[in-house]
Every structure is written in C-alpha cells, then in structure tokens.
file protein34.cif (mmCIF, C-alpha atoms and all ligand atoms)
data_run
loop_
_atom_site.group_PDB
_atom_site.id
_atom_site.type_symbol
_atom_site.label_atom_id
_atom_site.label_comp_id
_atom_site.auth_asym_id
_atom_site.auth_seq_id
_atom_site.Cartn_x
_atom_site.Cartn_y
_atom_site.Cartn_z
ATOM 1 C CA MET A 2 105.883 67.472 86.627
ATOM 2 C CA PRO A 3 103.722 65.432 84.191
ATOM 3 C CA SER A 4 100.204 66.684 83.547
ATOM 4 C CA LEU A 5 97.671 65.540 86.116
ATOM 5 C CA GLY A 6 95.024 62.947 85.226
ATOM 6 C CA ARG A 7 91.438 64.076 85.392
ATOM 7 C CA LEU A 8 89.927 60.975 87.009
ATOM 8 C CA HIS A 9 90.969 60.373 90.610
ATOM 9 C CA LEU A 10 89.986 57.057 92.146
ATOM 10 C CA ILE A 11 90.202 57.047 95.933
ATOM 11 C CA THR A 12 90.505 53.626 97.523
ATOM 12 C CA ASP A 13 87.523 52.455 99.536
ATOM 13 C CA THR A 14 88.664 50.225 102.375
ATOM 14 C CA ARG A 15 85.310 49.944 104.130
ATOM 15 C CA PRO A 16 84.126 46.412 104.906
ATOM 16 C CA GLY A 17 82.684 44.670 101.877
ATOM 17 C CA ARG A 18 84.499 46.864 99.372
ATOM 18 C CA HIS A 19 87.227 45.567 97.093
ATOM 19 C CA PRO A 20 89.619 48.413 96.374
ATOM 20 C CA LEU A 21 92.155 46.413 94.369
ATOM 21 C CA ALA A 22 89.538 44.749 92.162
ATOM 22 C CA VAL A 23 87.990 48.142 91.460
ATOM 23 C CA LEU A 24 91.432 49.558 90.724
ATOM 24 C CA ARG A 25 92.249 46.765 88.264
ATOM 25 C CA ALA A 26 89.007 47.409 86.408
ATOM 26 C CA ALA A 27 89.581 51.168 86.303
ATOM 27 C CA LEU A 28 93.192 50.833 85.180
ATOM 28 C CA GLY A 29 92.161 48.589 82.323
ATOM 29 C CA VAL A 30 90.033 51.413 80.955
ATOM 30 C CA ALA A 31 91.755 54.614 82.075
ATOM 31 C CA GLY A 32 95.400 53.524 82.048
ATOM 32 C CA SER A 33 97.800 56.426 82.462
ATOM 33 C CA ASP A 34 94.890 58.882 82.737
ATOM 34 C CA LEU A 35 94.044 57.498 86.165
ATOM 35 C CA VAL A 36 95.191 59.045 89.422
ATOM 36 C CA VAL A 37 94.810 56.669 92.355
ATOM 37 C CA GLN A 38 94.788 58.064 95.860
ATOM 38 C CA VAL A 39 95.446 55.487 98.550
ATOM 39 C CA ARG A 40 93.166 56.399 101.441
ATOM 40 C CA VAL A 41 92.748 54.179 104.475
ATOM 41 C CA THR A 42 90.660 54.661 107.578
ATOM 42 C CA ASP A 43 92.140 56.626 110.458
ATOM 43 C CA GLU A 44 92.159 53.376 112.456
ATOM 44 C CA ALA A 45 94.373 51.567 109.962
ATOM 45 C CA THR A 46 97.945 51.047 111.030
ATOM 46 C CA ASP A 47 100.841 52.504 109.091
ATOM 47 C CA ARG A 48 101.804 48.954 108.145
ATOM 48 C CA GLU A 49 98.370 48.373 106.662
ATOM 49 C CA ALA A 50 98.580 51.655 104.771
ATOM 50 C CA TYR A 51 102.063 50.809 103.539
ATOM 51 C CA ASP A 52 101.018 47.341 102.360
ATOM 52 C CA LEU A 53 97.971 48.639 100.484
ATOM 53 C CA ALA A 54 99.904 51.536 98.968
ATOM 54 C CA GLY A 55 102.637 49.186 97.768
ATOM 55 C CA ARG A 56 100.085 46.951 96.074
ATOM 56 C CA VAL A 57 98.369 49.939 94.475
ATOM 57 C CA LEU A 58 101.677 51.292 93.202
ATOM 58 C CA ALA A 59 102.598 47.912 91.723
ATOM 59 C CA LEU A 60 99.277 47.793 89.874
ATOM 60 C CA CYS A 61 99.663 51.379 88.629
ATOM 61 C CA ALA A 62 103.257 51.031 87.425
ATOM 62 C CA PRO A 63 102.717 49.071 84.174
ATOM 63 C CA TYR A 64 100.040 51.570 83.138
ATOM 64 C CA ARG A 65 102.084 54.610 84.215
ATOM 65 C CA ALA A 66 99.094 55.686 86.290
ATOM 66 C CA THR A 67 99.769 58.150 89.087
ATOM 67 C CA CYS A 68 99.707 56.888 92.670
ATOM 68 C CA LEU A 69 99.202 59.330 95.534
ATOM 69 C CA VAL A 70 98.857 58.659 99.254
ATOM 70 C CA ASN A 71 96.323 60.454 101.425
ATOM 71 C CA ASP A 72 97.453 61.958 104.751
ATOM 72 C CA ARG A 73 100.417 59.672 105.468
ATOM 73 C CA LEU A 74 103.262 61.277 103.600
ATOM 74 C CA HIS A 75 105.874 59.002 105.130
ATOM 75 C CA VAL A 76 104.050 56.125 103.454
ATOM 76 C CA ALA A 77 104.098 58.030 100.159
ATOM 77 C CA LEU A 78 107.848 58.479 100.460
ATOM 78 C CA ALA A 79 108.441 54.921 101.599
ATOM 79 C CA ILE A 80 106.742 53.360 98.579
ATOM 80 C CA GLY A 81 107.973 55.934 96.052
ATOM 81 C CA ALA A 82 104.535 57.362 95.230
ATOM 82 C CA ALA A 83 104.222 60.383 92.963
ATOM 83 C CA GLY A 84 102.923 62.456 95.855
ATOM 84 C CA GLY A 85 100.210 62.912 98.438
ATOM 85 C CA HIS A 86 97.082 64.734 99.506
ATOM 86 C CA VAL A 87 96.580 66.739 102.707
ATOM 87 C CA GLY A 88 93.646 68.467 104.358
ATOM 88 C CA ALA A 89 92.929 70.613 107.379
ATOM 89 C CA HIS A 90 93.846 67.922 109.927
ATOM 90 C CA ASP A 91 97.036 66.797 108.200
ATOM 91 C CA LEU A 92 100.428 68.431 107.814
ATOM 92 C CA PRO A 93 100.140 72.041 106.649
ATOM 93 C CA VAL A 94 100.676 72.392 102.908
ATOM 94 C CA ASP A 95 104.070 74.113 103.190
ATOM 95 C CA ALA A 96 105.335 71.382 105.523
ATOM 96 C CA ALA A 97 103.931 68.709 103.223
ATOM 97 C CA ARG A 98 105.774 70.297 100.316
ATOM 98 C CA ARG A 99 109.023 70.221 102.288
ATOM 99 C CA VAL A 100 108.490 66.564 103.139
ATOM 100 C CA LEU A 101 107.639 65.482 99.591
ATOM 101 C CA GLY A 102 110.066 67.732 97.739
ATOM 102 C CA PRO A 103 109.614 70.179 94.882
ATOM 103 C CA GLN A 104 108.787 67.659 92.142
ATOM 104 C CA ALA A 105 106.044 65.749 93.931
ATOM 105 C CA VAL A 106 102.350 66.011 93.176
ATOM 106 C CA LEU A 107 100.782 67.630 96.239
ATOM 107 C CA GLY A 108 97.031 67.949 96.604
ATOM 108 C CA ALA A 109 95.329 70.035 99.267
ATOM 109 C CA THR A 110 91.693 70.223 100.297
ATOM 110 C CA ALA A 111 90.070 73.637 99.930
ATOM 111 C CA ARG A 112 86.413 74.511 100.274
ATOM 112 C CA GLU A 113 86.435 78.192 99.401
ATOM 113 C CA PRO A 114 88.623 80.761 97.620
ATOM 114 C CA VAL A 115 90.613 82.085 100.590
ATOM 115 C CA THR A 116 91.924 78.705 101.709
ATOM 116 C CA ALA A 117 92.399 77.728 98.090
ATOM 117 C CA ARG A 118 94.717 80.680 97.458
ATOM 118 C CA SER A 119 96.649 79.962 100.668
ATOM 119 C CA ALA A 120 97.089 76.319 99.746
ATOM 120 C CA VAL A 121 98.439 77.177 96.323
ATOM 121 C CA ALA A 122 100.792 79.795 97.768
ATOM 122 C CA ALA A 123 102.039 77.153 100.208
ATOM 123 C CA GLY A 124 102.865 74.731 97.426
ATOM 124 C CA ALA A 125 99.784 72.731 96.440
ATOM 125 C CA SER A 126 99.903 71.543 92.844
ATOM 126 C CA TYR A 127 96.187 70.727 92.721
ATOM 127 C CA LEU A 128 93.173 71.274 94.964
ATOM 128 C CA GLY A 129 90.500 68.819 96.072
ATOM 129 C CA VAL A 130 87.338 70.923 96.347
ATOM 130 C CA GLY A 131 84.103 69.853 97.969
ATOM 131 C CA PRO A 132 81.965 68.356 99.147
ATOM 132 C CA CYS A 133 80.242 69.151 95.888
ATOM 133 C CA HIS A 134 77.200 67.056 96.778
ATOM 134 C CA HIS A 135 75.954 65.094 99.751
ATOM 135 C CA THR A 136 77.970 61.971 100.411
ATOM 136 C CA SER A 137 77.629 59.125 102.872
ATOM 137 C CA THR A 138 81.248 58.065 102.348
ATOM 138 C CA LYS A 139 82.707 60.475 104.889
ATOM 139 C CA ASP A 140 81.155 61.843 108.100
ATOM 140 C CA GLY A 141 81.428 65.345 109.463
ATOM 141 C CA LEU A 142 81.658 67.274 106.235
ATOM 142 C CA PRO A 143 80.202 70.766 105.848
ATOM 143 C CA ASP A 144 77.188 71.407 103.610
ATOM 144 C CA PRO A 145 77.713 70.722 99.923
ATOM 145 C CA ILE A 146 79.085 73.639 97.911
ATOM 146 C CA GLY A 147 77.648 72.510 94.565
ATOM 147 C CA PRO A 148 78.993 73.537 91.169
ATOM 148 C CA THR A 149 78.671 77.187 92.237
ATOM 149 C CA GLY A 150 81.170 76.696 95.045
ATOM 150 C CA VAL A 151 83.515 74.893 92.694
ATOM 151 C CA ARG A 152 83.298 77.787 90.241
ATOM 152 C CA ALA A 153 84.299 80.253 92.968
ATOM 153 C CA VAL A 154 87.440 78.286 93.795
ATOM 154 C CA VAL A 155 88.332 77.778 90.138
ATOM 155 C CA ALA A 156 88.194 81.538 89.628
ATOM 156 C CA ALA A 157 90.581 82.096 92.530
ATOM 157 C CA VAL A 158 93.471 79.793 91.583
ATOM 158 C CA ASP A 159 95.529 78.667 88.637
ATOM 159 C CA VAL A 160 96.035 75.009 89.564
ATOM 160 C CA PRO A 161 93.762 72.085 88.644
ATOM 161 C CA VAL A 162 90.614 71.817 90.754
ATOM 162 C CA ILE A 163 89.443 68.283 91.441
ATOM 163 C CA ALA A 164 85.794 68.152 92.492
ATOM 164 C CA ILE A 165 84.986 65.657 95.251
ATOM 165 C CA GLY A 166 81.986 64.535 97.236
ATOM 166 C CA GLY A 167 78.945 62.775 95.813
ATOM 167 C CA VAL A 168 80.399 62.772 92.317
ATOM 168 C CA THR A 169 78.432 60.580 89.918
ATOM 169 C CA VAL A 170 78.559 60.112 86.173
ATOM 170 C CA ALA A 171 75.452 62.279 85.849
ATOM 171 C CA ARG A 172 76.992 65.119 87.868
ATOM 172 C CA VAL A 173 80.269 65.354 85.981
ATOM 173 C CA PRO A 174 79.067 67.656 83.175
ATOM 174 C CA ALA A 175 77.904 70.377 85.597
ATOM 175 C CA LEU A 176 81.158 70.167 87.552
ATOM 176 C CA ARG A 177 83.190 70.443 84.352
ATOM 177 C CA ALA A 178 81.042 73.364 83.251
ATOM 178 C CA ALA A 179 81.890 75.019 86.578
ATOM 179 C CA GLY A 180 85.555 74.750 85.673
ATOM 180 C CA ALA A 181 86.590 71.609 87.523
ATOM 181 C CA TYR A 182 89.624 70.079 85.856
ATOM 182 C CA GLY A 183 88.689 66.632 87.098
ATOM 183 C CA VAL A 184 86.810 64.644 89.699
ATOM 184 C CA ALA A 185 87.645 62.351 92.600
ATOM 185 C CA VAL A 186 85.346 59.441 93.342
ATOM 186 C CA VAL A 187 84.970 56.807 96.005
ATOM 187 C CA GLY A 188 81.459 55.339 96.019
ATOM 188 C CA GLU A 189 80.602 55.807 92.350
ATOM 189 C CA LEU A 190 83.297 53.277 91.469
ATOM 190 C CA SER A 191 83.579 51.143 94.590
ATOM 191 C CA ALA A 192 79.831 50.391 94.627
ATOM 192 C CA ALA A 193 79.527 49.921 90.884
ATOM 193 C CA ALA A 194 78.408 46.544 89.568
ATOM 194 C CA ASP A 195 80.646 47.177 86.566
ATOM 195 C CA PRO A 196 83.466 49.549 87.555
ATOM 196 C CA ALA A 197 85.076 49.337 84.107
ATOM 197 C CA ARG A 198 81.906 50.642 82.466
ATOM 198 C CA VAL A 199 81.519 53.420 85.042
ATOM 199 C CA THR A 200 85.176 54.385 84.555
ATOM 200 C CA ALA A 201 84.539 54.738 80.826
ATOM 201 C CA GLU A 202 81.458 56.862 81.498
ATOM 202 C CA LEU A 203 83.325 59.108 83.943
ATOM 203 C CA LEU A 204 86.150 59.573 81.445
ATOM 204 C CA ARG A 205 83.665 60.435 78.702
ATOM 205 C CA GLY A 206 82.220 63.153 80.915
ATOM 206 C CA LEU A 207 85.671 64.523 81.618
ATOM 207 C CA SER A 208 86.934 64.631 78.047
HETATM 208 C C1 LIG A 301 90.968 64.921 95.864
HETATM 209 C C2 LIG A 301 90.680 64.989 97.326
HETATM 210 N N1 LIG A 301 90.032 66.056 97.808
HETATM 211 C C3 LIG A 301 89.748 66.129 99.119
HETATM 212 C C4 LIG A 301 90.130 65.114 99.981
HETATM 213 C C5 LIG A 301 89.833 65.195 101.451
HETATM 214 O O1 LIG A 301 91.039 65.305 102.198
HETATM 215 P P1 LIG A 301 90.941 65.635 103.755
HETATM 216 O O2 LIG A 301 90.159 66.883 103.906
HETATM 217 O O3 LIG A 301 92.282 65.600 104.331
HETATM 218 O O4 LIG A 301 90.084 64.426 104.329
HETATM 219 P P2 LIG A 301 90.512 62.879 104.347
HETATM 220 O O5 LIG A 301 90.373 62.345 102.960
HETATM 221 O O6 LIG A 301 91.913 62.774 104.831
HETATM 222 O O7 LIG A 301 89.536 62.218 105.277
HETATM 223 C C6 LIG A 301 90.812 64.032 99.443
HETATM 224 N N2 LIG A 301 91.216 63.009 100.208
HETATM 225 N N3 LIG A 301 91.079 63.979 98.120
HETATM 226 C C1 LIG A 302 87.165 61.695 101.303
HETATM 227 C C2 LIG A 302 86.248 62.803 100.976
HETATM 228 N N1 LIG A 302 86.582 64.101 101.192
HETATM 229 C C3 LIG A 302 85.600 64.932 100.850
HETATM 230 C C4 LIG A 302 85.680 66.397 101.014
HETATM 231 O O1 LIG A 302 84.744 67.091 100.609
HETATM 232 O O2 LIG A 302 86.688 66.838 101.530
HETATM 233 S S1 LIG A 302 84.230 64.145 100.240
HETATM 234 C C5 LIG A 302 84.993 62.648 100.456
HETATM 235 C C6 LIG A 302 84.331 61.352 100.125
HETATM 236 C C7 LIG A 302 84.006 61.233 98.665
HETATM 237 O O3 LIG A 302 83.380 60.005 98.473
HETATM 238 P P1 LIG A 302 82.211 59.801 97.427
HETATM 239 O O4 LIG A 302 82.808 59.928 96.071
HETATM 240 O O5 LIG A 302 81.745 58.392 97.690
HETATM 241 O O6 LIG A 302 81.155 60.798 97.710
HETATM 242 MG MG MG A 303 93.358 64.195 105.196
#

call {"tool": "encode", "arguments": {"input": "protein34.cif", "output": "structure tokens", "more": "lines below"}}
Ligand SMILES: Cc1ncc(COP(=O)(O)OP(=O)(O)O)c(N)n1
Ligand SMILES: Cc1nc(C(=O)O)sc1CCOP(=O)(O)O
Ligand SMILES: [Mg+2]
result
Amino acid sequence: MPSLGRLHLITDTRPGRHPLAVLRAALGVAGSDLVVQVRVTDEATDREAYDLAGRVLALCAPYRATCLVNDRLHVALAIGAAGGHVGAHDLPVDAARRVLGPQAVLGATAREPVTARSAVAAGASYLGVGPCHHTSTKDGLPDPIGPTGVRAVVAAVDVPVIAIGGVTVARVPALRAAGAYGVAVVGELSAAADPARVTAELLRGLS
C-alpha cells in the first residue's frame, strides 16, 4: 500500500459550493500528496455519488492523487477508487475491509482510544479523529476533542491519525504537535477565496 497523503480534501456538495473547482485548484498545488474523499449528502442518489466520484477520480488520475469514497463502498469499487472511509453508521470496519479487499485504503472514524484500537484491529489503515474543533459543516457531532483528544488516540494506535473537524491553517501546527499524521478539511478549502493558496498553506503546516 503506498504511503498515505497528509492532506485530505473532502468534497463539499452543499449548495453554492464548487467541489470540482476546489479540487482542481488543490491538485495543482498538492498533486500526489492529496487524498480526496468523495462525500455526498445522505440524500444524494447512488447515481449522483457515482457520477461525482468518477469525475473526481478522473481529475486525480494524472496527478496520482488518492481518491477515496465516503460511506458508499459499492461506489468506491465501481469506479476503482483506492478505498473508502466508514464511521459508526456505515458498514462495520471488518465488513468494509472484506468488501474493499486487503490492499485498499480503509479509513474509519474514531473519537477515543478504545474505538480507535477496535477499528485498527478490524482492519482500518488510517483513522479520522475528531471533531477536533467546532464545525458548522456537519450536524450532530459530539463536543470537540481538541488536540488533547487527538493525542490520546495517537498514543493508542500505530496507524496514521487524520484530524478532522474545524481544521484551519492556523490550527494545523497544534494538531501536528499532538501527533496527527495529517488533516481532513471541508470548509477551509471549499469556502476559500483562493483554494490553491490555502492548499499551499495547509501543506506547509503539515510538512
Ligand atoms: C477523515 C474522515 N474522518 C471522519 C469522517 C467522518 O465519517 P463518519 O463518521 O462516517 O461521518 P460522515 O462523513 O459519513 O458523515 C470522515 N468522513 N473522514
Ligand atoms: C464530515 C465530518 N466528520 C467529522 C467528524 O468529526 O467525524 S467533522 C466533519 C466535517 C468537517 O468539516 P470542516 O472541515 O468544514 O469542519
Ligand atoms: Mg460515514
């Protein structure tokens, strides 16, 4: 399995956002260091998810950037993505691993050490850990765990920890200092006036 990129861009399909334009800008700066996670709303149809994922994969391919699909592992398989990401309401990690196969990149959400260890034992190759900070991008999340919560998970596992939730350029250094291998962002890039510049700043903080 190739080494995982440190900057994870999650597609923002909310009205008024432009996920493919943001992706093009980020790819131009991050290239093969970028991991793109295709995430659509729960209301989106599988066909919509499949169409977006196919377009994302086609954009990633020339750069050899990694394309993952959130939740819908059949879509990941159908487009030939590198893998997927699952959380508490998706397929269990061991089932997801069986679906995707042994070589796939498989991310799992974990918010504290016990679930983190279970996810790794079940086959997760990286963990998405958060919410690190308050975010308005997703409803219904528990209270933020901050860099301290990230540090606790990092100490419990031996796979890359990707910090998520309210990640900004300014917050990257503290998350890295807590042991996060990388970060996943939605709003910091999708709302940026200049996503290429913000990508460069995020990468600088991760290097
Ligand atoms: C990198 C990363 N970490 C966490 C999540 C959240 O996944 P999940 O808990 O399944 O929630 P949804 O994203 O499906 O709403 C993630 N997607 N990526
Ligand atoms: C999709 C998602 N999952 C989270 C979790 O903590 O599990 S936080 C989140 C949204 C992250 O968006 P932003 O970078 O705009 O805060
Ligand atoms: Mg999910």

call {"tool": "axis_aligned_box", "arguments": {"input": "protein34.cif", "around": "ligand LIG 302 (chain A)", "padding_each_side": "5 Å", "output": "lines of an AutoDock Vina configuration file"}}
result
center_x = 84.2
center_y = 62.7
center_z = 98.8
size_x = 16.0
size_y = 18.7
size_z = 15.5

call {"tool": "atom_distance", "arguments": {"input": "protein34.cif", "atom1": "atom CA of A:Ser119", "atom2": "atom CA of A:Ala89"}}
result
12.1 Å

call {"tool": "residues_near_point", "arguments": {"input": "protein34.cif", "point": "(92.5, 68.1, 93.4)", "cutoff": "7 Å", "atoms": "only C-alpha atoms", "output": "list in words"}}
result
Gly108, Ala109, Tyr127, Leu128, Gly129, Val130, Pro161, Val162, Ile163 and Ala164 of chain A

call {"tool": "residues_near_ligand", "arguments": {"input": "protein34.cif", "ligand": "ligand LIG 302 (chain A)", "cutoff": "6 Å", "atoms": "only C-alpha atoms and all ligand atoms", "output": "PyMOL selection string"}}
result
chain A and resi 131-132+136+138-139+165-168+186-189

call {"tool": "resolve_selection", "arguments": {"input": "protein34.cif", "expression": "the PyMOL selection byres (((chain A and resi 25) around 12) and not hetatm)", "output": "compact mmCIF listing (two decimals) with C-alpha atoms, in the coordinates of the input"}}
result
# COMPACT_ATOMS: atom_id res chain seq x y z
CA LEU A 10 89.99 57.06 92.15
CA THR A 12 90.50 53.63 97.52
CA HIS A 19 87.23 45.57 97.09
CA PRO A 20 89.62 48.41 96.37
CA LEU A 21 92.16 46.41 94.37
CA ALA A 22 89.54 44.75 92.16
CA VAL A 23 87.99 48.14 91.46
CA LEU A 24 91.43 49.56 90.72
CA ALA A 26 89.01 47.41 86.41
CA ALA A 27 89.58 51.17 86.30
CA LEU A 28 93.19 50.83 85.18
CA GLY A 29 92.16 48.59 82.32
CA VAL A 30 90.03 51.41 80.96
CA ALA A 31 91.76 54.61 82.08
CA GLY A 32 95.40 53.52 82.05
CA LEU A 35 94.04 57.50 86.16
CA VAL A 37 94.81 56.67 92.36
CA ARG A 56 100.08 46.95 96.07
CA VAL A 57 98.37 49.94 94.48
CA LEU A 58 101.68 51.29 93.20
CA ALA A 59 102.60 47.91 91.72
CA LEU A 60 99.28 47.79 89.87
CA CYS A 61 99.66 51.38 88.63
CA ALA A 62 103.26 51.03 87.42
CA PRO A 63 102.72 49.07 84.17
CA TYR A 64 100.04 51.57 83.14
CA ALA A 66 99.09 55.69 86.29
CA LEU A 190 83.30 53.28 91.47
CA SER A 191 83.58 51.14 94.59
CA ASP A 195 80.65 47.18 86.57
CA PRO A 196 83.47 49.55 87.56
CA ALA A 197 85.08 49.34 84.11
CA THR A 200 85.18 54.38 84.56

call {"tool": "residues_near_ligand", "arguments": {"input": "protein34.cif", "ligand": "ligand MG 303 (chain A)", "cutoff": "6 Å", "atoms": "only C-alpha atoms and all ligand atoms", "output": "PyMOL selection string"}}
result
chain A and resi 72+87-88+91

call {"tool": "decode", "arguments": {"input": "protein34.cif", "residues": "stretch 7-114 of chain A", "atoms": "C-alpha atoms", "output": "tab-separated table (two decimals), in the first residue's frame"}}
result
chain	number	residue	atom	x	y	z
A	7	ARG	CA	-1.26	14.06	4.74
A	8	LEU	CA	-3.80	16.48	3.28
A	9	HIS	CA	-7.30	15.07	2.85
A	10	LEU	CA	-9.77	17.18	0.92
A	11	ILE	CA	-13.38	16.13	1.46
A	12	THR	CA	-15.80	17.20	-1.25
A	13	ASP	CA	-18.35	19.81	-0.26
A	14	THR	CA	-21.55	19.30	-2.22
A	15	ARG	CA	-23.66	21.84	-0.34
A	16	PRO	CA	-25.49	24.40	-2.48
A	17	GLY	CA	-23.21	27.17	-3.68
A	18	ARG	CA	-20.03	25.15	-3.28
A	19	HIS	CA	-17.92	24.04	-6.21
A	20	PRO	CA	-16.20	20.79	-5.28
A	21	LEU	CA	-14.56	20.13	-8.64
A	22	ALA	CA	-13.18	23.65	-8.99
A	23	VAL	CA	-11.75	23.43	-5.49
A	24	LEU	CA	-10.30	20.02	-6.30
A	25	ARG	CA	-8.62	21.29	-9.47
A	26	ALA	CA	-7.01	24.12	-7.52
A	27	ALA	CA	-5.83	21.80	-4.75
A	28	LEU	CA	-4.46	19.20	-7.16
A	29	GLY	CA	-2.45	21.84	-8.96
A	30	VAL	CA	-0.59	22.54	-5.73
A	31	ALA	CA	-0.62	19.25	-3.81
A	32	GLY	CA	-0.51	16.75	-6.68
A	33	SER	CA	0.14	13.21	-5.50
A	34	ASP	CA	0.24	14.36	-1.86
A	35	LEU	CA	-3.51	14.96	-1.95
A	36	VAL	CA	-6.08	12.47	-0.72
A	37	VAL	CA	-9.57	13.29	-1.96
A	38	GLN	CA	-12.55	11.80	-0.18
A	39	VAL	CA	-15.76	11.90	-2.19
A	40	ARG	CA	-18.51	12.69	0.29
A	41	VAL	CA	-22.06	13.43	-0.78
A	42	THR	CA	-25.12	14.22	1.28
A	43	ASP	CA	-27.18	11.34	2.61
A	44	GLU	CA	-29.98	12.47	0.27
A	45	ALA	CA	-27.85	12.09	-2.85
A	46	THR	CA	-28.64	9.11	-5.01
A	47	ASP	CA	-26.08	6.42	-5.70
A	48	ARG	CA	-26.04	7.59	-9.32
A	49	GLU	CA	-25.14	11.10	-8.21
A	50	ALA	CA	-22.42	9.74	-5.95
A	51	TYR	CA	-21.10	7.53	-8.73
A	52	ASP	CA	-21.03	10.39	-11.24
A	53	LEU	CA	-19.20	12.74	-8.86
A	54	ALA	CA	-16.76	10.03	-7.77
A	55	GLY	CA	-15.96	9.19	-11.39
A	56	ARG	CA	-15.22	12.83	-12.16
A	57	VAL	CA	-13.06	13.15	-9.05
A	58	LEU	CA	-11.12	10.01	-9.94
A	59	ALA	CA	-10.53	11.26	-13.48
A	60	LEU	CA	-9.14	14.53	-12.12
A	61	CYS	CA	-6.94	12.72	-9.58
A	62	ALA	CA	-5.50	10.16	-12.01
A	63	PRO	CA	-2.98	12.34	-13.91
A	64	TYR	CA	-1.59	13.58	-10.59
A	65	ARG	CA	-1.58	10.11	-8.99
A	66	ALA	CA	-3.59	11.60	-6.13
A	67	THR	CA	-5.53	9.17	-3.97
A	68	CYS	CA	-9.30	9.01	-4.36
A	69	LEU	CA	-11.43	7.56	-1.57
A	70	VAL	CA	-15.21	7.31	-1.28
A	71	ASN	CA	-17.06	8.04	1.94
A	72	ASP	CA	-19.72	5.58	3.16
A	73	ARG	CA	-20.72	4.06	-0.20
A	74	LEU	CA	-18.19	1.32	-0.73
A	75	HIS	CA	-20.00	-0.09	-3.74
A	76	VAL	CA	-19.37	3.25	-5.43
A	77	ALA	CA	-15.70	3.03	-4.46
A	78	LEU	CA	-15.47	-0.40	-6.05
A	79	ALA	CA	-17.46	0.60	-9.11
A	80	ILE	CA	-15.17	3.50	-10.01
A	81	GLY	CA	-11.93	1.78	-8.99
A	82	ALA	CA	-11.12	4.14	-6.11
A	83	ALA	CA	-8.16	3.43	-3.85
A	84	GLY	CA	-10.50	2.82	-0.93
A	85	GLY	CA	-13.13	4.26	1.36
A	86	HIS	CA	-13.99	5.73	4.73
A	87	VAL	CA	-16.56	4.41	7.21
A	88	GLY	CA	-17.98	5.63	10.50
A	89	ALA	CA	-20.36	4.46	13.19
A	90	HIS	CA	-23.43	4.44	10.92
A	91	ASP	CA	-21.75	2.72	7.98
A	92	LEU	CA	-20.58	-0.83	7.43
A	93	PRO	CA	-18.52	-2.11	10.36
A	94	VAL	CA	-14.79	-1.86	9.71
A	95	ASP	CA	-14.23	-5.62	9.36
A	96	ALA	CA	-17.07	-5.87	6.83
A	97	ALA	CA	-15.75	-2.84	4.98
A	98	ARG	CA	-12.34	-4.49	4.79
A	99	ARG	CA	-13.91	-7.63	3.32
A	100	VAL	CA	-15.77	-5.57	0.74
A	101	LEU	CA	-12.76	-3.50	-0.31
A	102	GLY	CA	-10.12	-6.21	-0.09
A	103	PRO	CA	-6.77	-6.38	1.68
A	104	GLN	CA	-4.92	-3.80	-0.44
A	105	ALA	CA	-7.44	-0.98	-0.23
A	106	VAL	CA	-7.03	2.16	1.84
A	107	LEU	CA	-9.69	1.96	4.56
A	108	GLY	CA	-10.34	4.85	6.90
A	109	ALA	CA	-12.50	4.62	10.00
A	110	THR	CA	-13.82	7.33	12.29
A	111	ALA	CA	-12.71	7.09	15.91
A	112	ARG	CA	-13.19	9.63	18.66
A	113	GLU	CA	-11.35	7.99	21.53
A	114	PRO	CA	-8.72	5.30	22.16
